[in-house]
Amino acid sequence: MLNWERAGAILSLFIPAVWQEHAKSSSPFPQFLWDDHHGVRYKRRGQSGPVLSHLLDSAAVAAGRPDLRVEVLFESLDREVRIEAVAVRRVECAGRGDPDHLPGAARRISQHKTNKTIEKNMKIVIIGGSGLIGKKLVKNLRQRGHEVVAASPSSGVNTLTGEGLAEALVGASVVVDVANSPSFEDKAVLEFFETSGRNLLAAEAAAGVGHHIALSVVGTDRLLASGYFRAKMAQENLIKASAIPYTIVRATQFFEFVGAIAQSATDGQAVRLPPALMQPIVSDDVAAALAEIAVAEPLNGTVELAGPEPIHMDELVRRYLSANRDARKVTTDVHAGYFGTAVNDQSLIPGDHPRLGPTRFQDWLSRSVPQR
Ligand SMILES: NC(=O)c1ccc[n+]([C@@H]2O[C@H](COP(=O)([O-])OP(=O)(O)OC[C@H]3O[C@@H](n4cnc5c(N)ncnc54)[C@H](OP(=O)(O)O)[C@@H]3O)[C@@H](O)[C@H]2O)c1
């Protein structure tokens, strides 16, 4: 008969065993509950948190305590701290079923409130760590106590040639790829994201990296008439085809990119732009979201990031130029493209459940434009 002593004993065996045994077999989870730790089997790492939650809930029911619910989340994939990485997020108790009545390992886990320990000492490599997003992400993750490597050609790491890559990845748990191609010419940009993607994913597999995160663009699959978006699509497809657990983060256009949009549409003093809807986001909010995603479990899927409010492209650029006292005039033209590619109100807008950055365009403009 399973009781809390037995559940605690199982847990103390189970937790280290999760990582030793995961991915070796496809035996279904419930066998484990009544088996010893050698029976632990997982198909995918991504299921571990919910599976552990289910284990504890099942144990509670089996022990005659269905009122006690325990939810478990894996906060980290760092091999060194995997056991620490199991954090009980929510313990709802009724009657005398408080966490203190849990024996041994179960109690220790329940008292491990959040991911403070896990949040330290992870080695995280930021590919493109010297770029707009990269610099902010490096700073953010260092402030959280991680060992962060800012990797890019200026620090001797080149994903295109492979130079310095294996060395940078030694001992890394997580890689965040926020690099960008120096050239946006169709052939060059495709070569950049394909070759870099292949080199990076192969080096990560060799180093045993547990989570690959890449920054892509909302609407990539709708904009394949553009060479840049075909290259981003190729980058995403390589990630999905690799065996490394991943999270693809598609962001909308950065506020900082609005000047480049204006420039691309400029002819003399005229800026010809379509009224297509956008929902841009500030780079700080992108970096903050990426930092959270970097220390969370891989989604093996895609998440979208956007700013707090939709705005038409022509109006966005008009406001930007006006705040910068730029004399160029925006002309609205439904036939004008976005860097030459046709767009409509759906092209650049996220789906139903994006994560929203809090910063409003107007607030950013007032902060970033020098006051005269
Ligand atoms: N701009 C937008 O509105 C927007 C919107 C959504 C998503 N994104 C995505 O966001 C990502 C980051 O954009 P960003 O504006 O932060 O980029 P960025 O400021 O242009 O920085 C590019 C970074 O890539 C690095 N890099 C260039 N060639 C490299 C190579 N061969 N190997 C390794 N690193 C290399 C650069 O390193 P060095 O400094 O050493 O050359 C730099 O750190 C891009 O993938 C882009 O597709 C952009």
# chains A, B, ... in the order shown; residues from 1 in each chain; ligands from 1
$ residues_near_ligand --ligand "ligand 1" --cutoff "6 Å" --atoms "only C-alpha atoms and all ligand atoms" --output "VMD selection string"
chain A and resid 127 to 134 152 to 154 157 to 160 178 to 182 215 to 217 251 to 254 257
$ write_last_selection --atoms "N, CA and C atoms" --output "mmCIF file, in the first residue's frame"
data_model
loop_
_atom_site.group_PDB
_atom_site.id
_atom_site.type_symbol
_atom_site.label_atom_id
_atom_site.label_comp_id
_atom_site.auth_asym_id
_atom_site.auth_seq_id
_atom_site.Cartn_x
_atom_site.Cartn_y
_atom_site.Cartn_z
ATOM 1 N N ILE A 127 24.501 33.790 -28.330
ATOM 2 C CA ILE A 127 25.076 33.971 -29.666
ATOM 3 C C ILE A 127 24.527 35.294 -30.207
ATOM 4 N N GLY A 128 25.438 36.196 -30.558
ATOM 5 C CA GLY A 128 25.003 37.556 -30.909
ATOM 6 C C GLY A 128 24.921 38.412 -29.654
ATOM 7 N N GLY A 129 25.757 38.067 -28.664
ATOM 8 C CA GLY A 129 25.723 38.744 -27.359
ATOM 9 C C GLY A 129 26.183 40.197 -27.394
ATOM 10 N N SER A 130 26.703 40.657 -28.544
ATOM 11 C CA SER A 130 27.128 42.063 -28.634
ATOM 12 C C SER A 130 26.080 42.916 -29.353
ATOM 13 N N GLY A 131 24.970 42.299 -29.782
ATOM 14 C CA GLY A 131 23.967 43.032 -30.550
ATOM 15 C C GLY A 131 22.977 43.785 -29.670
ATOM 16 N N LEU A 132 21.979 44.385 -30.311
ATOM 17 C CA LEU A 132 20.973 45.185 -29.592
ATOM 18 C C LEU A 132 20.294 44.354 -28.493
ATOM 19 N N ILE A 133 19.737 43.212 -28.862
ATOM 20 C CA ILE A 133 19.069 42.351 -27.879
ATOM 21 C C ILE A 133 20.114 41.627 -27.033
ATOM 22 N N GLY A 134 21.155 41.155 -27.700
ATOM 23 C CA GLY A 134 22.171 40.339 -27.017
ATOM 24 C C GLY A 134 22.760 41.028 -25.794
ATOM 25 N N SER A 152 30.198 36.198 -30.075
ATOM 26 C CA SER A 152 29.986 36.784 -31.404
ATOM 27 C C SER A 152 31.360 36.949 -32.050
ATOM 28 N N PRO A 153 31.411 37.285 -33.327
ATOM 29 C CA PRO A 153 32.727 37.415 -33.966
ATOM 30 C C PRO A 153 33.658 38.378 -33.220
ATOM 31 N N SER A 154 33.096 39.433 -32.626
ATOM 32 C CA SER A 154 33.983 40.376 -31.932
ATOM 33 C C SER A 154 34.597 39.777 -30.668
ATOM 34 N N VAL A 157 33.881 34.232 -31.540
ATOM 35 C CA VAL A 157 32.970 33.107 -31.789
ATOM 36 C C VAL A 157 32.160 33.413 -33.051
ATOM 37 N N ASN A 158 32.339 32.560 -34.050
ATOM 38 C CA ASN A 158 31.685 32.812 -35.330
ATOM 39 C C ASN A 158 30.868 31.577 -35.728
ATOM 40 N N THR A 159 29.562 31.716 -35.747
ATOM 41 C CA THR A 159 28.710 30.553 -36.053
ATOM 42 C C THR A 159 28.780 30.194 -37.539
ATOM 43 N N LEU A 160 29.138 31.168 -38.356
ATOM 44 C CA LEU A 160 29.205 30.914 -39.797
ATOM 45 C C LEU A 160 30.408 30.036 -40.158
ATOM 46 N N VAL A 178 20.612 35.097 -30.694
ATOM 47 C CA VAL A 178 20.042 36.389 -31.104
ATOM 48 C C VAL A 178 20.966 37.072 -32.117
ATOM 49 N N ALA A 179 21.675 36.233 -32.893
ATOM 50 C CA ALA A 179 22.562 36.796 -33.914
ATOM 51 C C ALA A 179 21.748 37.244 -35.120
ATOM 52 N N ASN A 180 22.340 38.100 -35.905
ATOM 53 C CA ASN A 180 21.692 38.514 -37.141
ATOM 54 C C ASN A 180 22.719 38.562 -38.255
ATOM 55 N N SER A 181 22.254 38.421 -39.473
ATOM 56 C CA SER A 181 23.163 38.411 -40.609
ATOM 57 C C SER A 181 23.664 39.831 -40.893
ATOM 58 N N PRO A 182 24.967 39.971 -41.157
ATOM 59 C CA PRO A 182 25.477 41.306 -41.506
ATOM 60 C C PRO A 182 24.904 41.778 -42.844
ATOM 61 N N LEU A 215 15.654 33.708 -31.477
ATOM 62 C CA LEU A 215 14.757 34.847 -31.668
ATOM 63 C C LEU A 215 14.412 34.951 -33.150
ATOM 64 N N SER A 216 13.125 34.847 -33.450
ATOM 65 C CA SER A 216 12.663 34.966 -34.828
ATOM 66 C C SER A 216 11.624 36.091 -34.897
ATOM 67 N N VAL A 217 10.854 36.119 -35.961
ATOM 68 C CA VAL A 217 9.972 37.264 -36.191
ATOM 69 C C VAL A 217 8.520 36.800 -36.368
ATOM 70 N N ALA A 251 9.251 37.548 -32.193
ATOM 71 C CA ALA A 251 8.900 38.891 -31.720
ATOM 72 C C ALA A 251 8.409 39.740 -32.886
ATOM 73 N N THR A 252 7.614 40.743 -32.559
ATOM 74 C CA THR A 252 7.250 41.738 -33.573
ATOM 75 C C THR A 252 8.421 42.715 -33.744
ATOM 76 N N GLN A 253 8.276 43.697 -34.608
ATOM 77 C CA GLN A 253 9.343 44.650 -34.890
ATOM 78 C C GLN A 253 9.689 45.448 -33.625
ATOM 79 N N PHE A 254 10.997 45.690 -33.454
ATOM 80 C CA PHE A 254 11.446 46.470 -32.290
ATOM 81 C C PHE A 254 11.184 47.956 -32.542
ATOM 82 N N PHE A 257 13.698 49.634 -34.475
ATOM 83 C CA PHE A 257 13.799 49.293 -35.891
ATOM 84 C C PHE A 257 12.961 50.238 -36.758
#
$ residues_around --residues "Ala205 (chain A)" --least-positions-apart "5" --cutoff "12 Å" --atoms "only C-alpha atoms" --output "PyMOL selection string"
chain A and resi 165-166+169-175+198-200+210-212+239+242-245
$ write_last_selection --atoms "C-alpha atoms" --output "PDB file, in the first residue's frame"
ATOM      1  CA  LEU A 165      32.071  27.637 -31.026  1.00  0.00           C
ATOM      2  CA  ALA A 166      33.001  24.335 -29.328  1.00  0.00           C
ATOM      3  CA  LEU A 169      29.801  25.869 -25.415  1.00  0.00           C
ATOM      4  CA  VAL A 170      31.790  23.739 -22.968  1.00  0.00           C
ATOM      5  CA  GLY A 171      29.591  23.177 -19.905  1.00  0.00           C
ATOM      6  CA  ALA A 172      26.722  25.271 -21.298  1.00  0.00           C
ATOM      7  CA  SER A 173      23.156  24.345 -20.343  1.00  0.00           C
ATOM      8  CA  VAL A 174      21.335  26.874 -22.480  1.00  0.00           C
ATOM      9  CA  VAL A 175      22.084  28.710 -25.733  1.00  0.00           C
ATOM     10  CA  ARG A 198      23.691  23.887 -38.688  1.00  0.00           C
ATOM     11  CA  ASN A 199      27.047  24.693 -37.072  1.00  0.00           C
ATOM     12  CA  LEU A 200      25.455  25.896 -33.865  1.00  0.00           C
ATOM     13  CA  GLY A 210      19.690  21.149 -22.944  1.00  0.00           C
ATOM     14  CA  HIS A 211      17.781  24.143 -24.320  1.00  0.00           C
ATOM     15  CA  HIS A 212      18.198  26.088 -27.549  1.00  0.00           C
ATOM     16  CA  ILE A 239      15.812  23.985 -34.940  1.00  0.00           C
ATOM     17  CA  SER A 242      17.192  18.934 -34.409  1.00  0.00           C
ATOM     18  CA  ALA A 243      17.075  16.707 -31.343  1.00  0.00           C
ATOM     19  CA  ILE A 244      17.811  19.582 -28.955  1.00  0.00           C
ATOM     20  CA  PRO A 245      14.897  20.786 -26.800  1.00  0.00           C
TER      21      PRO A 245
END
$ residues_around --residues "Gln362 (chain A)" --least-positions-apart "3" --cutoff "10 Å" --atoms "only C-alpha atoms" --output "list in words"
Leu316, Arg319, Tyr320, Ala323, Thr359, Leu365, Ser366, Arg367 and Ser368 of chain A
$ select_by_dssp --residues "region 164-240 of chain A" --states "alpha helix (DSSP H)" --output "PyMOL selection string"
chain A and resi 165-169+186-207+227-240
$ residues_around --residues "Val249 (chain A)" --least-positions-apart "4" --cutoff "12 Å" --atoms "only C-alpha atoms" --output "count of residues only"
35
$ residues_around --residues "Leu277 (chain A)" --least-positions-apart "4" --cutoff "8 Å" --atoms "only C-alpha atoms" --output "list in words"
Pro310, Ile311, His312, Met313, Asn344, Asp345, Gln346, Ser347, Leu348 and Ile349 of chain A
$ write_last_selection --atoms "C-alpha atoms" --output "mmCIF file, in the first residue's frame"
data_model
loop_
_atom_site.group_PDB
_atom_site.id
_atom_site.type_symbol
_atom_site.label_atom_id
_atom_site.label_comp_id
_atom_site.auth_asym_id
_atom_site.auth_seq_id
_atom_site.Cartn_x
_atom_site.Cartn_y
_atom_site.Cartn_z
ATOM 1 C CA PRO A 310 -1.468 47.742 -32.412
ATOM 2 C CA ILE A 311 -0.670 50.670 -34.697
ATOM 3 C CA HIS A 312 -0.666 51.217 -38.463
ATOM 4 C CA MET A 313 2.775 51.253 -40.036
ATOM 5 C CA ASN A 344 -1.769 43.416 -45.009
ATOM 6 C CA ASP A 345 -3.306 43.877 -41.567
ATOM 7 C CA GLN A 346 -2.627 40.247 -40.644
ATOM 8 C CA SER A 347 0.971 39.910 -41.866
ATOM 9 C CA LEU A 348 2.848 41.419 -38.921
ATOM 10 C CA ILE A 349 0.357 40.931 -36.114
#
$ closest_residue --among "A:Ser264, A:Gln235, A:Ser322, A:Thr341" --to "Ala276 (chain A)" --atoms "only C-alpha atoms"
A:Thr341
$ residues_around --residues "Ala342 (chain A)" --least-positions-apart "5" --cutoff "12 Å" --atoms "only C-alpha atoms" --output "PyMOL selection string"
chain A and resi 222-226+273-276+333-337+347-348
$ atom_distance --atom1 "CA of Gly268 (chain A)" --atom2 "CA of Leu321 (chain A)"
14.3 Å
$ residues_around --residues "Pro308 (chain A)" --least-positions-apart "6" --cutoff "6 Å" --atoms "only C-alpha atoms" --output "count of residues only"
3
$ closest_residue --among "A:Ala150, A:Leu137, A:Ala231, A:Ala241" --to "Val189 (chain A)" --atoms "only C-alpha atoms"
A:Ala231
